[in-house]
Amino acid sequence: MTNTERQRCLQFTLKLAVEAGELLNSYSQKLYKKPLRLIQKGAAGLASEADLKSEDLVMKRIKQKYSGHTIVSEEDSFARKLKVKGPGSKDELIWLVDPLDGTNNFLNGLPFYCVSLALCKGNEVQVGVVHNPIIGETFYATKGGGAFLVRKFKGRKLTKRLRVSTVSRPLKDCLISTNLGSKRHNAELIRKFPEVRAFRRLGSAALELSYVAGRIRDAYWEYHLEPWDVAGCGLICLEAEAHVSDLTGQEFNPFSPGILAARSPLYEDLRVILTAASRE
């Protein structure tokens, strides 16, 4: 894709994320009056009618604008029992869509959920947008075009370019995100983990990775995630000059199951710890 094509796609994606976010906020208001319809997905968690309506909106808009593109979306993939694989070719244009990342937060009234959208060409993410509608913050990036954060504050929109810190700090002073309560985690690793300032888990991988790019978190890792969880925010981290890879240190690929993102040199410290734990 050319830079011009990416910028046009970015503007479309930003508007779409905001539109879907407004829909989610309308359902959030409905929660104060009555529960939403839920779909139990077993090990994959749950979805609400808000997830489905947001997904319907996003997929409809993308099909209207980019009819020749492939769309891979969380709830649609679950409903059709699709096994999510990588692209069919290096030139295939694929949208990776999470219409509501942080469903449990959303249903419990926690203001940490988002719409996460990304367009990939093959394995390479070209455009990524992560929008938290209830806080009014939007992270976005284009390949080679940098990463940015837009926040609404007292009726104004404030925009800044994102770059992770290059200041070296010991691990004990770092704020790290990971899902400590998950069965996917190595309990022995957590018991032996070196001292950190604090572990935080917000319940939305897309936001937590974006917070690494925004210097709100020092690092994030997770063992098993889906492509729609990491595609947009992975690009945002890369364009903010964070180190991003799978848990073996291989180059970031949204179709790999695990992810590690951190500023340097913290990234290397964590990769050594996680690699050693995987061999035990």
# chains A, B, ... in the order shown; residues from 1 in each chain; ligands from 1
call {"tool": "select_by_dssp", "arguments": {"residues": "stretch 133-225 of chain A", "states": "helix (DSSP H, G or I)", "output": "MDAnalysis selection string"}}
result
chainID A and resid 171:173 187:192 205:213
call {"tool": "closest_atom_pairs", "arguments": {"of": "stretch 224-249 of chain A", "to": "stretch 83-100 of chain A", "cutoff": "10 Å", "atoms": "only C-alpha atoms", "output": "tab-separated table"}}
result
residue	atom	partner	partner_atom	distance
A:Glu226	CA	A:Val84	CA	8.2
A:Pro227	CA	A:Leu96	CA	6.7
A:Trp228	CA	A:Leu96	CA	4.8
A:Asp229	CA	A:Asp98	CA	6.7
A:Val230	CA	A:Leu96	CA	9.2
A:Ala231	CA	A:Leu96	CA	7.0
A:Gly232	CA	A:Leu96	CA	8.2
call {"tool": "write_last_selection", "arguments": {"atoms": "N, CA, C and O atoms", "output": "short mmCIF file (atom, residue, chain, number, x, y, z; two decimals), in the first residue's frame"}}
result
data_model
loop_
_atom_site.label_atom_id
_atom_site.label_comp_id
_atom_site.auth_asym_id
_atom_site.auth_seq_id
_atom_site.Cartn_x
_atom_site.Cartn_y
_atom_site.Cartn_z
N GLU A 226 -5.71 -13.68 20.07
CA GLU A 226 -6.14 -13.81 18.68
C GLU A 226 -5.63 -12.63 17.86
O GLU A 226 -5.28 -11.58 18.42
N PRO A 227 -5.59 -12.78 16.53
CA PRO A 227 -5.06 -11.69 15.69
C PRO A 227 -5.76 -10.36 15.90
O PRO A 227 -5.11 -9.30 15.88
N TRP A 228 -7.09 -10.38 16.10
CA TRP A 228 -7.81 -9.11 16.29
C TRP A 228 -7.48 -8.45 17.62
O TRP A 228 -7.71 -7.27 17.80
N ASP A 229 -6.92 -9.23 18.57
CA ASP A 229 -6.52 -8.66 19.86
C ASP A 229 -5.28 -7.79 19.74
O ASP A 229 -5.11 -6.84 20.51
N VAL A 230 -4.39 -8.14 18.82
CA VAL A 230 -3.05 -7.54 18.84
C VAL A 230 -2.67 -6.77 17.57
O VAL A 230 -1.66 -6.06 17.58
N ALA A 231 -3.43 -6.90 16.51
CA ALA A 231 -2.98 -6.35 15.22
C ALA A 231 -2.81 -4.83 15.28
O ALA A 231 -1.72 -4.30 15.04
N GLY A 232 -3.90 -4.12 15.57
CA GLY A 232 -3.83 -2.66 15.57
C GLY A 232 -2.88 -2.12 16.62
O GLY A 232 -2.03 -1.26 16.34
#
call {"tool": "closest_atom_pairs", "arguments": {"of": "stretch 36-134 of chain A", "to": "stretch 148-152 of chain A", "cutoff": "12 Å", "atoms": "only C-alpha atoms", "output": "tab-separated table"}}
result
residue	atom	partner	partner_atom	distance
A:Val127	CA	A:Phe148	CA	12.0
A:Gly128	CA	A:Phe148	CA	10.5
A:Val129	CA	A:Phe148	CA	9.7
A:Val130	CA	A:Leu149	CA	9.5
A:His131	CA	A:Val150	CA	9.4
A:Asn132	CA	A:Arg151	CA	9.7
A:Pro133	CA	A:Lys152	CA	10.1
A:Ile134	CA	A:Lys152	CA	10.5
call {"tool": "write_last_selection", "arguments": {"atoms": "C-alpha atoms", "output": "PDB file, in the first residue's frame"}}
result
ATOM      1  CA  VAL A 127      -3.337   0.685   9.693  1.00  0.00           C
ATOM      2  CA  GLY A 128      -4.322   0.265  13.336  1.00  0.00           C
ATOM      3  CA  VAL A 129      -6.900   2.087  15.478  1.00  0.00           C
ATOM      4  CA  VAL A 130      -7.808   1.445  19.119  1.00  0.00           C
ATOM      5  CA  HIS A 131     -10.652   3.623  20.412  1.00  0.00           C
ATOM      6  CA  ASN A 132     -11.894   3.799  24.003  1.00  0.00           C
ATOM      7  CA  PRO A 133     -15.248   5.570  23.640  1.00  0.00           C
ATOM      8  CA  ILE A 134     -16.120   6.075  27.284  1.00  0.00           C
TER       9      ILE A 134
END
call {"tool": "closest_residue", "arguments": {"among": "A:Gly21, A:Gly68, A:Ala276, A:Asn179", "to": "A:Asp101", "atoms": "only C-alpha atoms"}}
result
A:Gly21
call {"tool": "closest_residue", "arguments": {"among": "A:Tyr223, A:Tyr32, A:Tyr267, A:Tyr66", "to": "A:Ser168", "atoms": "only C-alpha atoms"}}
result
A:Tyr267
call {"tool": "closest_residue", "arguments": {"among": "A:Arg37, A:Lys30, A:Lys143, A:Lys160", "to": "A:Leu10", "atoms": "only C-alpha atoms"}}
result
A:Lys143
call {"tool": "atom_distance", "arguments": {"atom1": "atom CA of A:Ser67", "atom2": "atom CA of A:Ala20"}}
result
19.2 Å
call {"tool": "select_by_dssp", "arguments": {"residues": "stretch 31-277 of chain A", "states": "strand (DSSP E or B)", "output": "PyMOL selection string"}}
result
chain A and resi 38-40+46-48+70-73+93-101+114-121+124-132+137-142+146-153+156-161+175-177+198-200+219-222+243-245+251+259-262
call {"tool": "residues_around", "arguments": {"residues": "A:Leu24", "least_positions_apart": "2", "cutoff": "9 Å", "atoms": "only C-alpha atoms", "output": "list of chain:residue names"}}
result
A:Glu19, A:Ala20, A:Gly21, A:Glu22, A:Ser26, A:Tyr27, A:Ser28, A:Gln29, A:Ala50, A:Asp51, A:Lys53, A:Ser54, A:Leu100, A:Phe106, A:Cys114, A:Val115, A:Pro133, A:Ile134
call {"tool": "residues_around", "arguments": {"residues": "A:Val167", "least_positions_apart": "2", "cutoff": "9 Å", "atoms": "only C-alpha atoms", "output": "number ranges by chain"}}
result
A: 165, 169, 263-265
call {"tool": "write_last_selection", "arguments": {"atoms": "C-alpha atoms", "output": "PDB file, in the first residue's frame"}}
result
ATOM      1  CA  SER A 165      10.868   6.163  26.771  1.00  0.00           C
ATOM      2  CA  ARG A 169      14.944   1.915  34.691  1.00  0.00           C
ATOM      3  CA  ARG A 263      10.557  -0.270  25.826  1.00  0.00           C
ATOM      4  CA  SER A 264      14.282  -0.966  25.522  1.00  0.00           C
ATOM      5  CA  PRO A 265      16.212  -2.337  27.420  1.00  0.00           C
TER       6      PRO A 265
END
call {"tool": "closest_atom_pairs", "arguments": {"of": "stretch 93-169 of chain A", "to": "stretch 191-210 of chain A", "cutoff": "7 Å", "atoms": "only C-alpha atoms", "output": "CSV"}}
result
residue,atom,partner,partner_atom,distance
A:Asp101,CA,A:Ser204,CA,5.6
A:Gly102,CA,A:Ser204,CA,4.7
A:Asn105,CA,A:Gly203,CA,6.7
A:Phe112,CA,A:Leu202,CA,6.8
A:Tyr113,CA,A:Ser204,CA,6.2
A:Ser116,CA,A:Ala206,CA,6.7
A:Val130,CA,A:Ala206,CA,6.8
A:Phe139,CA,A:Ser210,CA,6.7
call {"tool": "write_last_selection", "arguments": {"atoms": "all heavy atoms", "output": "tab-separated table (two decimals), in the first residue's frame"}}
result
chain	number	residue	atom	x	y	z
A	101	ASP	N	-13.44	-5.01	22.66
A	101	ASP	CA	-12.38	-5.66	23.42
A	101	ASP	C	-12.51	-5.21	24.87
A	101	ASP	O	-12.37	-4.02	25.17
A	101	ASP	CB	-11.01	-5.28	22.86
A	101	ASP	CG	-9.90	-6.07	23.54
A	101	ASP	OD1	-10.11	-7.26	23.81
A	101	ASP	OD2	-8.84	-5.48	23.81
A	102	GLY	N	-12.78	-6.17	25.76
A	102	GLY	CA	-13.02	-5.83	27.16
A	102	GLY	C	-14.48	-6.01	27.52
A	102	GLY	O	-15.05	-5.20	28.25
A	105	ASN	N	-15.34	-6.04	31.24
A	105	ASN	CA	-15.30	-4.67	31.79
A	105	ASN	C	-16.57	-3.91	31.43
A	105	ASN	O	-17.19	-3.26	32.27
A	105	ASN	CB	-14.09	-3.91	31.25
A	105	ASN	CG	-12.78	-4.39	31.85
A	105	ASN	OD1	-12.77	-5.14	32.82
A	105	ASN	ND2	-11.68	-3.97	31.27
A	112	PHE	N	-12.93	0.57	30.79
A	112	PHE	CA	-11.77	0.14	30.02
A	112	PHE	C	-12.21	-0.90	29.00
A	112	PHE	O	-12.14	-2.10	29.24
A	112	PHE	CB	-10.67	-0.42	30.93
A	112	PHE	CG	-10.08	0.60	31.86
A	112	PHE	CD1	-10.47	0.65	33.18
A	112	PHE	CD2	-9.16	1.53	31.40
A	112	PHE	CE1	-9.95	1.60	34.04
A	112	PHE	CE2	-8.63	2.48	32.26
A	112	PHE	CZ	-9.03	2.52	33.58
A	113	TYR	N	-12.70	-0.42	27.89
A	113	TYR	CA	-13.06	-1.27	26.77
A	113	TYR	C	-12.86	-0.46	25.50
A	113	TYR	O	-12.73	0.77	25.54
A	113	TYR	CB	-14.49	-1.80	26.87
A	113	TYR	CG	-15.57	-0.76	27.00
A	113	TYR	CD1	-16.11	-0.15	25.87
A	113	TYR	CD2	-16.07	-0.40	28.24
A	113	TYR	CE1	-17.12	0.80	25.98
A	113	TYR	CE2	-17.08	0.54	28.37
A	113	TYR	CZ	-17.60	1.14	27.23
A	113	TYR	OH	-18.60	2.08	27.34
A	116	SER	N	-11.30	-2.17	18.39
A	116	SER	CA	-9.95	-2.37	17.85
A	116	SER	C	-10.05	-2.81	16.39
A	116	SER	O	-10.63	-3.86	16.10
A	116	SER	CB	-9.20	-3.42	18.67
A	116	SER	OG	-7.88	-3.59	18.17
A	130	VAL	N	-7.24	1.94	17.86
A	130	VAL	CA	-7.81	1.45	19.12
A	130	VAL	C	-8.52	2.62	19.78
A	130	VAL	O	-7.88	3.61	20.15
A	130	VAL	CB	-6.71	0.88	20.04
A	130	VAL	CG1	-7.30	0.50	21.41
A	130	VAL	CG2	-6.04	-0.33	19.40
A	139	PHE	N	-5.99	5.72	20.04
A	139	PHE	CA	-4.63	5.44	19.61
A	139	PHE	C	-4.69	5.02	18.14
A	139	PHE	O	-5.57	4.26	17.76
A	139	PHE	CB	-4.02	4.31	20.42
A	139	PHE	CG	-3.87	4.59	21.89
A	139	PHE	CD1	-4.93	4.37	22.76
A	139	PHE	CD2	-2.68	5.06	22.41
A	139	PHE	CE1	-4.80	4.62	24.12
A	139	PHE	CE2	-2.53	5.32	23.77
A	139	PHE	CZ	-3.61	5.09	24.63
call {"tool": "atom_distance", "arguments": {"atom1": "atom CA of A:Ala17", "atom2": "atom CA of A:Glu55"}}
result
10.8 Å
call {"tool": "atom_distance", "arguments": {"atom1": "atom CA of A:Val72", "atom2": "atom CA of A:Phe255"}}
result
11.5 Å
call {"tool": "residues_around", "arguments": {"residues": "A:Ala213", "least_positions_apart": "3", "cutoff": "7 Å", "atoms": "only C-alpha atoms", "output": "JSON, numbers by chain"}}
result
{"A": [162, 163, 164, 209, 210, 236, 237, 240, 242]}
call {"tool": "residues_around", "arguments": {"residues": "A:Leu266", "least_positions_apart": "2", "cutoff": "10 Å", "atoms": "only C-alpha atoms", "output": "PDB file with C-alpha atoms, in the first residue's frame"}}
result
ATOM      1  CA  THR A 166      14.484   5.222  26.168  1.00  0.00           C
ATOM      2  CA  VAL A 167      15.445   5.929  29.767  1.00  0.00           C
ATOM      3  CA  SER A 168      16.734   2.810  31.460  1.00  0.00           C
ATOM      4  CA  ARG A 169      14.944   1.915  34.691  1.00  0.00           C
ATOM      5  CA  PRO A 170      15.329  -1.168  36.884  1.00  0.00           C
ATOM      6  CA  LEU A 171      12.571  -3.739  36.764  1.00  0.00           C
ATOM      7  CA  CYS A 174       8.331  -0.734  36.247  1.00  0.00           C
ATOM      8  CA  ASP A 218       6.266  -0.164  30.739  1.00  0.00           C
ATOM      9  CA  ALA A 219       5.507  -3.588  29.272  1.00  0.00           C
ATOM     10  CA  HIS A 243      10.097  -3.606  20.909  1.00  0.00           C
ATOM     11  CA  ALA A 261       5.916  -5.428  24.039  1.00  0.00           C
ATOM     12  CA  ALA A 262       8.192  -3.171  26.037  1.00  0.00           C
ATOM     13  CA  ARG A 263      10.557  -0.270  25.826  1.00  0.00           C
ATOM     14  CA  SER A 264      14.282  -0.966  25.522  1.00  0.00           C
ATOM     15  CA  GLU A 268      15.445  -7.832  26.680  1.00  0.00           C
ATOM     16  CA  ASP A 269      15.193  -8.325  30.450  1.00  0.00           C
ATOM     17  CA  LEU A 270      11.652  -9.684  30.126  1.00  0.00           C
ATOM     18  CA  ARG A 271      12.423 -11.848  27.112  1.00  0.00           C
TER      19      ARG A 271
END
call {"tool": "closest_residue", "arguments": {"among": "A:Leu158, A:Val272, A:Leu225, A:Ala141", "to": "A:Gln7", "atoms": "only C-alpha atoms"}}
result
A:Ala141
call {"tool": "closest_residue", "arguments": {"among": "A:Lys121, A:Gly144, A:Thr103, A:Thr70", "to": "A:Thr4", "atoms": "only C-alpha atoms"}}
result
A:Gly144
